[in-house]
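One structure is given below, encoded as structure tokens.
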Amino acid sequence: MKCRFCSSIDSKVIDSRPSEDGSAIRRRRECIGCGRRFTTFERIEEVPIMVVKRDGRRELFEPDKIRNGVRKACEKRPISAETQNRMVDEISREVNNSLDAEISTVALGEMVMRKLKEVDEVAYVRFASVYREFKDTQTFMQELQRLLDEK
């Protein structure tokens, strides 16, 4: 690791520990050249996953976009921020654990709806109404009827 003070490439690790969230390893190092100490972080290299939109465009997968949609659907519902974050983390993990470099918005939307349905049916219907672009009350009622039939 290159020293940020003298640019020497010789350093030794003095201390290693996981970061607070466990996503990286924090290392305290001491430069052999100048004796100064500095901190480095080691993380797993993430392979970028592309989201294929309905019109064929591709965008980088961003969990924050899912988080915003989930928050909107759960607005004024008794669903804690912790539960919402856990859902988003589970979806992100599922996307990242798949060996695919791309995922369609359709598949992503279905994942979100599945998680919301498990937690709160009203939040699920809210999300579905935007995601599936309900055109009229008849389409909305069909979705509600399907939900009731599943019970």
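Identifiers for the structure tokens are assigned positionally: chains receive A, B, ... in sequence, residues are indexed from 1 per chain, and ligands are indexed from 1 in the order shown.
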Backbone DSSP call of strand (DSSP E) for stretch 7-113 of chain A, listed as a count of residues only: 32
Nearby residues (only C-alpha atoms) at most 8 Å from stretch 108-119 of chain A, same-chain spacing under 4 positions excluded, as an MDAnalysis selection string: chainID A and resid 66 70 79 87 91 103:104 123:124 127:128 131
Restricting the output to C-alpha atoms, write the selected residues as a PDB file, in the first residue's frame.
ATOM      1  CA  ILE A  66     -35.883   0.967  -4.511  1.00  0.00           C
ATOM      2  CA  VAL A  70     -40.703   1.387  -0.737  1.00  0.00           C
ATOM      3  CA  ILE A  79     -44.018  -0.113   8.981  1.00  0.00           C
ATOM      4  CA  MET A  87     -36.575  -5.265   2.665  1.00  0.00           C
ATOM      5  CA  ILE A  91     -33.685  -7.213  -2.505  1.00  0.00           C
ATOM      6  CA  ILE A 103     -31.867  -7.375 -14.364  1.00  0.00           C
ATOM      7  CA  SER A 104     -35.098  -6.132 -15.885  1.00  0.00           C
ATOM      8  CA  ALA A 123     -48.265  -0.788   0.843  1.00  0.00           C
ATOM      9  CA  TYR A 124     -48.252  -3.609  -1.711  1.00  0.00           C
ATOM     10  CA  PHE A 127     -46.711   0.120  -5.056  1.00  0.00           C
ATOM     11  CA  ALA A 128     -48.519  -2.145  -7.520  1.00  0.00           C
ATOM     12  CA  TYR A 131     -45.665  -0.073 -10.913  1.00  0.00           C
TER      13      TYR A 131
END
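As for atom CA of A:Ser16 and atom CA of A:Phe38, they are spaced 12.2 Å apart.
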Two-atom distance - atom CA of A:Asp55, atom CA of A:Asn68 (Å):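 Atom CA of A:Asn68 lies at a distance of 21.5 Å from atom CA of A:Asp55.
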Closest of A:Glu102, A:Val130, A:Lys2, A:Ala81 to A:Met50 - atom-to-atom distances counting only C-alpha atoms: A:Glu102
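The closest residue to A:Gly56, picked from A:Thr105, A:Val122, A:Arg4, A:Gln138 and counting only C-alpha atoms, is A:Thr105.
The coordinates place atom CA of A:Glu42 at 9.3 Å from atom CA of A:Pro18.
Every protein or nucleic acid residue with an atom no more than 10 Å from A:Val95, counting only C-alpha atoms and leaving out same-chain residues fewer than 2 positions away, appears here: Ile49, Phe61, Pro63, Asp89, Glu90, Ile91, Ser92, Arg93, Asn97, Ser98, Leu99, Asp100, Ala101, Glu102, Ile103, Ala107, Leu108 and Met111 of chain A.
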Nearest residue to A:Leu147 from the set A:Glu133, A:Asp120, A:Gly69, A:Asn96 (distances using only C-alpha atoms):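 Of A:Glu133, A:Asp120, A:Gly69, A:Asn96, the one nearest A:Leu147, counting only C-alpha atoms, is A:Asp120.
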Spatial neighbours of A:Cys34, max dist 8 Å, only C-alpha atoms, sep filter under 3 positions, as a PyMOL selection string: chain A and resi 5-6+31
Exercise: A:Arg27 partners within 8 Å, only C-alpha atoms, chain neighbours under 6 positions left out, as JSON, numbers by chain: {"A": [13, 14, 15, 16, 17, 39, 40, 41, 42]}
